[in-house]
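Have a look at the structure below before the remarks.
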Amino acid sequence: MKSTPHSPETIRLQPGKGWAPLDLADLWRFRELAFFLTWRDIKVRYKQTLLGASWAVLQPLLQMFIFNFLFGNLANLPTDGIPRPIFTFAALLPWNLFSNALNEASRSLVSNRNMITKVYFPKLLIPVSAVMSGIVDFAIAFVILVGMMVAYSVKLTAAVWALPGFLLLALTAALGVGLWLAAWNLHFRDVKYLLPFLSQFWMLASPIAYPLSNIPAEWQTLYALNPMVGVVEGFRWALLGGEVFPATAVGLSLVVSFLFLLSGLFYFRRLERTFADTV
Amino acid sequence: MTDYAIRAEGIGKEYRIGAEVDRSPTLRDAIVRAASWPARVLRGEAGGPTEKIWALRDVSFEVKRGEVLGVIGRNGAGKSTLLKILSRVTEPSEGYAEITGRVGSLLEVGTGFHPELTGRENIFLNGAVLGMKRAEIQSKFDEIVEFAGVAKFIDTPVKRYSSGMYLRLAFSVAAHLEPEILVVDEVLAVGDAEFQRKCLGKMGEVAEAGRTVLFVSHNMSAILRLTEKAIVLDKGRMVHAAPTREAVDYYMASGFSQSGERVWQPEDVPADAAPFRPIALRVRDPRGAVIDSVRAIEPLTVEIEYELAAPIQGLRLGVYLQTVHGEVVFTSFDTDTPEMFQQHGTRAAGRYVSRGVIPADFLNEGQYLLGFNASTFRVKRYFQDEAALAFTVDAMGAPGMQWTEVRLGPVRPALNWTIEAQ
C-alpha cells in the first residue's frame, strides 16, 4: 500500500495548565473508535450470562411487578388515571436507561484503565460510548412497552414524536453527571460505594412510582430541578398522552442537564491530562 | 516545515508517589488543609501532601525524519516515561517536545483487546484503538491474520487462545500500523525465537521504508542492528547521545562493574513483581569472594537472593548470559532438572538463595552480562532484568593462551582432545 505524500502537522507536547479546550475536532477524528468502543460494550454486555439479552426485558418487568405491589397494592399511590402497570413501566424505561448509563459511564474509565495508560486517544470517548451502549437495552424493553400499550389499548397522539427528544435528554443528564463521577472515580474509588445509594435515592426522588401531580404545587419547581423529573413526565406525556405538557419540569430538566453536561465536559477535560498518571 | 520528526527540549516528568510525607502538622496547617479540602478533592488530589519524584529530567534530543533512534537504559532509567510522553499518553511536567507526523506506539501490544471477543473482532477494535481507520484495517486484515498465523482461530474468542497466539495477533495488528513515527518498547521480549525474528524483520522494513522509529530495548544486538544513533538514559537523565556503537559501549562500560554484585532496593522493584522480590545477584569465585573479574580456569558461582511474600507454584529462577553485543550464550533455570522441579517447583513464602555454577574452562575472555528472570512457565513473568550485572572473564591460563591471537566465539571450552598416530 502506498501512502499519499502529505506534510504532517507538528504537534507540541507541553505541560498543560488550568482549563483545556474541548477539542471537538480531535473527537471527530476518532469517531470510528467511538463506534468500536460502543459496539464492544454492547457485544460483551451479556456474554457469559445464562439469559443473555433477556435481562434487558426481565429487569424492568420484575421492577414493575415489585413497584406495583409496593406502591399500588400496599401504598396505593395515585397514577393520574393511567393503568398502573403501564404507568410504572413507561417510567422505568427512561429511568433504567438513565441509571444504567450513569453507572456504566462512572465506572468506564477505571474499567478501561489499560487503554488509558497505553495509547493516546480522546478519553471522552470512553464515557460517551458507555452511555450509548445502553440504548440497545432500552430498545429491547421498548418492544415490551409497545406490546403493553396495545394490550391496554392506549391511543398514540402526535406527542409521540417528542419521544426521541426525551431519550436524548436522559442520556445528556446521564453523561453530564457520569463525566464528573468517572473523573472522580479514577482518583477516589469511593464513587463505587456512592453509586448504588445515589441511584436508589435518585430513583425515589423521581416520579416513577407516583405522578408529578402528587407533589404539593409549591414544591414542584424545586422538585423539578432533578432533571429526571422532566424526562420521566415528558416520556409519559409523549407516550400515554397526558392532557398537559409538563412544561416547567421539561424546561428545568433541559437547563439542568445541559449545565451538568457542560460543566462535566470541562471538568473532565481538565482532569484528563492526569488520568494516565493516577490510574 | 522542519526536518525533524521529534524534537525534545528539556522535557521532564514528575510523578507523585502514593506515600504521604509524614510531618507533624501545626494547627494552622490543619486549618489551611481543611479549608482547601474541597478544592483538592476537585483537583483529584487525595489525602495530604505527597512525595514527588522526577522520573525524567531535562532530556533534549532530536530525531530526523527517517532516522531510527535507540533508547538504552536500565530498568527505571525513564525509558518508558519518555516513550509515554512522546506517544501522548501523558504530558511532560516541564519542557516540550515537537512531534511531526502520526505517532504509532507499541508500548504494550494488545491494548484494548477484549477476551470475550473473537480474533476478528479484536483486530478491528485494537486497530481503531491504535488510530487506524476502518477501511485501512479492512485492507490489511488478511495480512495481519497471516502474519500472526492464527487464521484457523480467527472466529474464536481470544480468551481461548494460547498466550503465544494472543501475543502474535496483538503484535501483528500493531505492526501493520503505518505511522510516520513508530515508538517501540520491549515488544521483542515476547513470543518465541521464530516470532522474534519476524518482528525484527518487520521493524527493519519499517525503518527502510523511511519512517522514523524510536526503539527501546535491552537487546543490544537488536539495537546495534536496527538503529544508527542511540541515547543512554540513567536515573531519568540523558547521560550520552552518540552513534549506536559508541552509545552501546558507553552503556556497557558504565555502571555495570558493581563489584560483582547487583542489589535491588524495594523501591527499585516494580509493584507487579509481587509476591516475588529480588534482593541481590552476585558472582562468586570458588573461595566465596564476590568478584567482578573471574578467571576462565576457575568455576564461578552465580547466586540469586530473593524473597517470596507468598508461595509461588511452578517458580523458576534463571539467568541469561549474554556477550556485550547481545548474543545470548545460554539460559539456565534453577529448576531445569525434573528432580529440582519436583522438589522446588513450589516454594513457600520466605527468603531463598539459588546458586548455579558455571564450569571452569568454559567462557572466553571478555565482558559478559548476566540477565535475570523469575517466572512461571507460560503463566507469569514476575521479574526480569536482562542486563542486571556485568563481569569480566580473564583468560589467563585458559586453553590456547600460548597463542596470543583473539579467539572468536563467546565460549572457549577445554575439549577432551586426543591425538592418535594411525
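Identifiers for the C-alpha cells are assigned positionally: chains receive A, B, ... in sequence, residues are indexed from 1 per chain, and ligands are indexed from 1 in the order shown.
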
> Taking only C-alpha atoms into account, which residues of chain A are within 9 Å of chain B, as a VMD selection string?
Replying inline: chain A and resid 3 7 to 16 30 32 to 34 36 to 37 40 43 to 44 47 to 48 112 114 to 121 183 to 184 186 to 188 267 270 to 271 273 to 278

>> Going by DSSP on the backbone, which residues of range 96-276 of chain A come out as helix (DSSP H, G or I)? List them as a VMD selection string.
In response: chain A and resid 96 to 111 113 to 116 125 to 132 135 to 151 158 to 187 190 to 204 212 to 214 217 to 223 227 to 240 247 to 276

> Looking only at the backbone, which of the residues in range 26-275 of chain B does DSSP tag as strand (DSSP E or B), as number ranges by chain?
Replying inline: B: 50-64, 68-73, 94-100, 103-106, 118, 157, 181-185, 212-216, 229-234, 237-243, 261-263

> Which one is closest to Gly400 in chain B: B:Val32, B:Ala414, B:Ala39, B:Ala209? Count only C-alpha atoms.
Replying inline: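 Selected residue with least distance to Gly400 in chain B: B:Ala414.
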
> What does the distance from CA of Gly52 in chain A to CA of Leu194 in chain A come to in Å, to one decimal?
Replying inline: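 Distance between the two atoms: 27.6 Å.
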
> Using only C-alpha atoms, which residues sit within 8 Å of range 231-247 of chain A once same-chain residues fewer than 5 positions away are excluded, as a list in words?
Replying inline: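 Near neighbours after the sequence-gap exclusion: Phe87, Ala90, Ala91, Pro94, Trp95, Val154, Lys155, Leu156, Thr157, Ala158, Ala159, Val160, Trp161, Ala162, Leu163, Phe166, Leu167, Leu169, Ala170, Ser206, Pro207, Ile208, Pro211, Leu212 and Ser253 of chain A.
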
Write the residues you've just listed into a file as a CSV table (one decimal), in the first residue's frame, and include N, CA and C atoms for each of them.
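Below is the file out_17.csv, written as the result:
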chain,number,residue,atom,x,y,z
A,87,PHE,N,-48.3,2.7,33.6
A,87,PHE,CA,-47.8,3.9,34.2
A,87,PHE,C,-46.4,3.7,34.7
A,90,ALA,N,-43.7,2.6,31.8
A,90,ALA,CA,-43.3,3.7,30.9
A,90,ALA,C,-42.3,4.7,31.6
A,91,ALA,N,-42.3,4.7,32.9
A,91,ALA,CA,-41.4,5.5,33.6
A,91,ALA,C,-40.1,4.7,33.9
A,94,PRO,N,-37.2,5.0,30.7
A,94,PRO,CA,-36.3,6.1,30.6
A,94,PRO,C,-35.4,6.1,31.9
A,95,TRP,N,-36.0,5.7,33.0
A,95,TRP,CA,-35.2,5.7,34.3
A,95,TRP,C,-34.0,4.7,34.2
A,154,VAL,N,-53.9,1.8,24.5
A,154,VAL,CA,-53.6,3.2,24.6
A,154,VAL,C,-53.4,3.8,23.2
A,155,LYS,N,-54.1,4.9,23.1
A,155,LYS,CA,-54.1,5.6,21.7
A,155,LYS,C,-52.9,6.5,21.7
A,156,LEU,N,-52.1,6.4,20.6
A,156,LEU,CA,-51.0,7.3,20.4
A,156,LEU,C,-51.5,8.7,20.0
A,157,THR,N,-50.8,9.7,20.4
A,157,THR,CA,-51.1,11.1,20.0
A,157,THR,C,-49.9,11.6,19.2
A,158,ALA,N,-50.0,12.8,18.7
A,158,ALA,CA,-48.9,13.4,17.9
A,158,ALA,C,-47.7,13.7,18.8
A,159,ALA,N,-47.9,13.7,20.1
A,159,ALA,CA,-46.9,14.0,21.1
A,159,ALA,C,-45.8,12.9,21.0
A,160,VAL,N,-46.1,11.7,20.4
A,160,VAL,CA,-45.1,10.6,20.4
A,160,VAL,C,-43.8,11.0,19.7
A,161,TRP,N,-43.9,12.0,18.8
A,161,TRP,CA,-42.7,12.5,18.1
A,161,TRP,C,-41.7,13.1,19.0
A,162,ALA,N,-42.1,13.5,20.2
A,162,ALA,CA,-41.2,14.1,21.1
A,162,ALA,C,-40.4,13.1,21.8
A,163,LEU,N,-40.7,11.8,21.7
A,163,LEU,CA,-40.1,10.7,22.4
A,163,LEU,C,-38.5,10.7,22.3
A,166,PHE,N,-36.8,13.2,24.5
A,166,PHE,CA,-36.7,12.9,26.0
A,166,PHE,C,-35.6,11.8,26.2
A,167,LEU,N,-35.4,10.9,25.3
A,167,LEU,CA,-34.4,9.9,25.4
A,167,LEU,C,-33.0,10.7,25.4
A,169,LEU,N,-32.5,13.6,26.2
A,169,LEU,CA,-32.3,14.4,27.4
A,169,LEU,C,-31.8,13.5,28.6
A,170,ALA,N,-32.4,12.3,28.6
A,170,ALA,CA,-32.0,11.3,29.7
A,170,ALA,C,-30.5,11.0,29.5
A,206,SER,N,-37.6,10.6,41.8
A,206,SER,CA,-38.1,10.9,40.5
A,206,SER,C,-39.5,10.3,40.5
A,207,PRO,N,-40.4,10.9,39.6
A,207,PRO,CA,-41.8,10.4,39.6
A,207,PRO,C,-42.0,9.1,38.9
A,208,ILE,N,-41.5,8.0,39.5
A,208,ILE,CA,-41.7,6.8,38.8
A,208,ILE,C,-42.8,6.0,39.3
A,211,PRO,N,-47.1,10.1,40.3
A,211,PRO,CA,-47.0,11.2,39.3
A,211,PRO,C,-46.5,12.5,39.9
A,212,LEU,N,-46.1,13.4,39.1
A,212,LEU,CA,-45.6,14.7,39.5
A,212,LEU,C,-46.7,15.4,40.3
A,253,SER,N,-35.4,20.6,33.3
A,253,SER,CA,-34.6,19.5,33.0
A,253,SER,C,-33.6,19.8,31.9

> Skipping near chain neighbours, those fewer than 3 positions away, what residues fall within 12 Å of Glu205 in chain B using only C-alpha atoms, listed as a PyMOL selection string?
Replying inline: chain B and resi 66+68+175-176+178+182+198-202+208-213+226

File of the preceding selection, N, CA and C atoms, as an mmCIF file, in the first residue's frame:
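selection-v5.cif, written as the output of this step:
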data_model
loop_
_atom_site.group_PDB
_atom_site.id
_atom_site.type_symbol
_atom_site.label_atom_id
_atom_site.label_comp_id
_atom_site.auth_asym_id
_atom_site.auth_seq_id
_atom_site.Cartn_x
_atom_site.Cartn_y
_atom_site.Cartn_z
ATOM 1 N N GLY B 66 12.946 9.780 9.233
ATOM 2 C CA GLY B 66 13.539 8.597 8.635
ATOM 3 C C GLY B 66 14.680 8.004 9.436
ATOM 4 N N VAL B 68 16.382 6.158 12.764
ATOM 5 C CA VAL B 68 15.991 5.181 13.768
ATOM 6 C C VAL B 68 16.846 5.429 14.999
ATOM 7 N N ALA B 175 1.883 -4.034 14.276
ATOM 8 C CA ALA B 175 2.963 -3.949 13.299
ATOM 9 C C ALA B 175 2.462 -3.485 11.940
ATOM 10 N N HIS B 176 1.150 -3.591 11.713
ATOM 11 C CA HIS B 176 0.624 -3.186 10.415
ATOM 12 C C HIS B 176 0.107 -1.755 10.395
ATOM 13 N N GLU B 178 0.670 2.060 9.940
ATOM 14 C CA GLU B 178 1.687 2.737 9.135
ATOM 15 C C GLU B 178 1.840 4.186 9.557
ATOM 16 N N LEU B 182 7.187 5.564 14.615
ATOM 17 C CA LEU B 182 6.839 4.350 15.339
ATOM 18 C C LEU B 182 7.640 4.297 16.646
ATOM 19 N N LYS B 198 10.713 -12.593 13.139
ATOM 20 C CA LYS B 198 9.730 -11.951 12.282
ATOM 21 C C LYS B 198 9.541 -10.478 12.678
ATOM 22 N N CYS B 199 9.463 -10.248 13.979
ATOM 23 C CA CYS B 199 9.239 -8.890 14.483
ATOM 24 C C CYS B 199 10.399 -7.979 14.105
ATOM 25 N N LEU B 200 11.595 -8.492 14.318
ATOM 26 C CA LEU B 200 12.771 -7.693 13.979
ATOM 27 C C LEU B 200 12.786 -7.377 12.495
ATOM 28 N N GLY B 201 12.392 -8.369 11.692
ATOM 29 C CA GLY B 201 12.324 -8.164 10.253
ATOM 30 C C GLY B 201 11.354 -7.050 9.920
ATOM 31 N N LYS B 202 10.210 -7.086 10.575
ATOM 32 C CA LYS B 202 9.167 -6.094 10.340
ATOM 33 C C LYS B 202 9.657 -4.693 10.720
ATOM 34 N N GLU B 208 13.384 0.855 6.879
ATOM 35 C CA GLU B 208 13.824 1.025 5.498
ATOM 36 C C GLU B 208 12.834 1.831 4.674
ATOM 37 N N ALA B 209 11.564 1.752 5.045
ATOM 38 C CA ALA B 209 10.531 2.498 4.321
ATOM 39 C C ALA B 209 10.625 3.992 4.599
ATOM 40 N N GLY B 210 11.650 4.382 5.359
ATOM 41 C CA GLY B 210 11.890 5.810 5.553
ATOM 42 C C GLY B 210 11.083 6.419 6.684
ATOM 43 N N ARG B 211 10.517 5.559 7.527
ATOM 44 C CA ARG B 211 9.780 6.132 8.641
ATOM 45 C C ARG B 211 10.682 6.246 9.860
ATOM 46 N N THR B 212 10.281 7.134 10.742
ATOM 47 C CA THR B 212 11.077 7.375 11.928
ATOM 48 C C THR B 212 10.719 6.337 12.989
ATOM 49 N N VAL B 213 11.738 5.776 13.610
ATOM 50 C CA VAL B 213 11.470 4.772 14.637
ATOM 51 C C VAL B 213 12.233 5.130 15.909
ATOM 52 N N LEU B 226 19.503 -2.366 14.365
ATOM 53 C CA LEU B 226 18.410 -1.573 13.809
ATOM 54 C C LEU B 226 18.594 -0.065 13.897
#

Which neighbours of Leu77 in chain A fall inside 9 Å, counting only C-alpha atoms, when residues of the same chain fewer than 4 positions from it are skipped, and could you give them as a tab-separated table (two decimals) with all heavy atoms, in the first residue's frame?
chain	number	residue	atom	x	y	z
A	71	PHE	N	-46.25	0.03	45.69
A	71	PHE	CA	-46.85	1.36	45.63
A	71	PHE	C	-48.32	1.30	45.23
A	71	PHE	O	-49.06	2.23	45.47
A	71	PHE	CB	-46.06	2.25	44.66
A	71	PHE	CG	-44.64	2.42	45.09
A	71	PHE	CD1	-43.62	1.76	44.42
A	71	PHE	CD2	-44.32	3.21	46.18
A	71	PHE	CE1	-42.30	1.89	44.83
A	71	PHE	CE2	-43.01	3.34	46.58
A	71	PHE	CZ	-41.99	2.68	45.91
A	72	GLY	N	-48.73	0.19	44.62
A	72	GLY	CA	-50.15	0.04	44.26
A	72	GLY	C	-50.90	-0.67	45.36
A	72	GLY	O	-51.68	-0.06	46.10
A	73	ASN	N	-50.62	-1.96	45.54
A	73	ASN	CA	-51.38	-2.76	46.49
A	73	ASN	C	-51.18	-2.29	47.93
A	73	ASN	O	-52.12	-2.28	48.72
A	73	ASN	CB	-50.98	-4.23	46.39
A	73	ASN	CG	-51.29	-4.77	44.99
A	73	ASN	OD1	-51.55	-3.99	44.08
A	73	ASN	ND2	-51.26	-6.08	44.82
A	209	ALA	N	-42.90	5.87	40.65
A	209	ALA	CA	-43.99	5.13	41.27
A	209	ALA	C	-45.19	6.03	41.50
A	209	ALA	O	-46.27	5.56	41.84
A	209	ALA	CB	-43.52	4.52	42.58
A	210	TYR	N	-45.01	7.32	41.39
A	210	TYR	CA	-46.09	8.28	41.65
A	210	TYR	C	-46.01	9.38	40.59
A	210	TYR	O	-44.96	9.56	39.98
A	210	TYR	CB	-45.92	8.88	43.05
A	210	TYR	CG	-44.54	9.46	43.29
A	210	TYR	CD1	-44.26	10.79	42.96
A	210	TYR	CD2	-43.52	8.68	43.83
A	210	TYR	CE1	-42.99	11.31	43.17
A	210	TYR	CE2	-42.25	9.19	44.03
A	210	TYR	CZ	-41.99	10.50	43.71
A	210	TYR	OH	-40.74	11.03	43.89
A	211	PRO	N	-47.10	10.11	40.33
A	211	PRO	CA	-47.05	11.17	39.33
A	211	PRO	C	-46.54	12.48	39.93
A	211	PRO	O	-46.54	12.65	41.15
A	211	PRO	CB	-48.51	11.31	38.90
A	211	PRO	CG	-49.28	10.89	40.10
A	211	PRO	CD	-48.45	9.88	40.85
A	214	ASN	N	-48.58	14.46	42.39
A	214	ASN	CA	-48.64	14.04	43.79
A	214	ASN	C	-47.81	14.95	44.69
A	214	ASN	O	-47.92	14.90	45.91
A	214	ASN	CB	-48.15	12.60	43.90
A	214	ASN	CG	-48.83	11.87	45.04
A	214	ASN	OD1	-49.98	12.18	45.37
A	214	ASN	ND2	-48.13	10.94	45.65

>> Residues near Gly345 in chain B, anyone? I mean within 8 Å using only C-alpha atoms, not counting same-chain ones fewer than 3 positions away, as a list in words.
In response: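 In the requested format, the answer is Gln313, Gly314, Leu315, Arg316, Thr335, Met340, Phe341 and Gln342 of chain B.
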